[in-house]
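Q: Dropping the structure in here first, questions after.
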Amino acid sequence: MPSAKAQPAFERDPVKLDSKHYKVELENERVRVVRIRYGAREKSVMHQHPPGIAVFVTDGSFKFTYPDGKTENIQSKSGDHLYFAEQWEHLPENLSDKPCDVVYIELKS
């Protein structure tokens with residue numbers, strides 16, 4: 001059985017592409033926990049996340065732009081969560097005048 005480290009990495013890892021906003025807090029063979037921290041009105045770059053769970057530490061107001069150009073606004077309260085069953089790609093932008101913190105728990109198979 002191959003280890004999680006042996007699995008191919010996704011192409012647009014936010015930790016590598018945008019280290020200002022994404023930091024690995026914990027990684028083992030089952031999960032990678034990424035701290036996401038955006039200042040007011042800050043924007044990232046197009047990137048991907050593997051399947052996982054996003055937990056909002058603070059209230060948030062985001063615009064997600066997808067590769068096809070479509071956009072979606074996401075409003076969240078502290079403690080809210082979003083589950084993503086498949087890998088997903090987007091460019092997030094904090095629409096708020098306040099910073100926002102999120103913890104993303106990436107699931108490894």
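Just so we're on the same page: first chain in the structure tokens is A, next is B, and so on; residues restart at 1 for each chain, and ligands are numbered from 1 in the order they show up.
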Set the distance at 6 Å and use only C-alpha atoms: which residues neighbour Phe64 of chain A once local chain neighbours fewer than 3 positions away are removed? I'd like the list as a PDB file with C-alpha atoms, in the first residue's frame.
A:
```
ATOM      1  CA  THR A  71     -17.941  33.605  -9.322  1.00  0.00           C
ATOM      2  CA  GLU A  72     -19.636  32.729  -6.053  1.00  0.00           C
ATOM      3  CA  HIS A  90     -10.601  28.708  -7.094  1.00  0.00           C
ATOM      4  CA  LEU A  91      -9.230  32.193  -6.516  1.00  0.00           C
ATOM      5  CA  PRO A  92     -10.517  33.611  -3.201  1.00  0.00           C
TER       6      PRO A  92
END
```
Q: Would you mind writing down, as a PyMOL selection string, each residue of chain A that DSSP on the backbone assigns to strand (DSSP E)?
A: chain A and resi 22-27+31-38+47-49+52-56+60-65+71-76+81-84+88-94+100-107
Q: Determine, counting only C-alpha atoms, which protein, DNA and RNA residues have an atom within 10 Å of an atom of segment 95-98 of chain A; residues of the same chain fewer than 6 positions away are not included. Present the result as a ChimeraX atom specification.
A: /A:38-43,58-63,73-75
Q: From chain A, collect each residue whose DSSP state is alpha helix (DSSP H) and return the set as a list of chain:residue names.
A: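 Residues of chain A classed as alpha helix (DSSP H): A:Pro14, A:Val15, A:Lys16, A:Leu17.
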Q: So which residues touch Val34 of chain A within 6 Å, counting only C-alpha atoms, skipping near sequence neighbours fewer than 5 positions away, as a list of chain:residue names?
A: A:Lys23, A:Val24, A:Glu25, A:Val103, A:Tyr104
Q: For the residues selected in the previous step, produce a file with C-alpha atoms as a tab-separated table (two decimals), in the first residue's frame.
A:
```
chain	number	residue	atom	x	y	z
A	23	LYS	CA	0.69	27.88	6.25
A	24	VAL	CA	0.90	24.18	7.15
A	25	GLU	CA	0.16	23.73	10.86
A	103	VAL	CA	-8.51	26.16	9.00
A	104	TYR	CA	-8.56	23.72	6.08
```
Q: Neighbouring residues of Phe56 of chain A were defined as those with any atom within 7 Å, considering only C-alpha atoms; residues of the same chain fewer than 4 positions away were excluded. Please report them as a PyMOL selection string.
A: chain A and resi 77-81+101-103
Q: Could you state the separation of atom CA of Asp18 of chain A and atom CA of Arg30 of chain A in Å, given to one decimal place?
A: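 Taking atom CA of Asp18 of chain A as the start and atom CA of Arg30 of chain A as the end point, the length is 23.1 Å.
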Q: Under the rule that only C-alpha atoms are counted, which of A:Glu93, A:Asn28, A:Pro67, A:Cys100 is the nearest residue to Gln48 of chain A?
A: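 Closest residue, counting only C-alpha atoms: A:Pro67.
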Q: One decimal, Å: what's the distance from atom CA of Tyr83 of chain A over to atom CA of Arg12 of chain A, could you say?
A: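 About the pair atom CA of Tyr83 of chain A and atom CA of Arg12 of chain A: they are 19.3 Å apart.
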Q: So how far away is atom CA of Arg32 of chain A from atom CA of Trp88 of chain A, in Å?
A: 15.8 Å
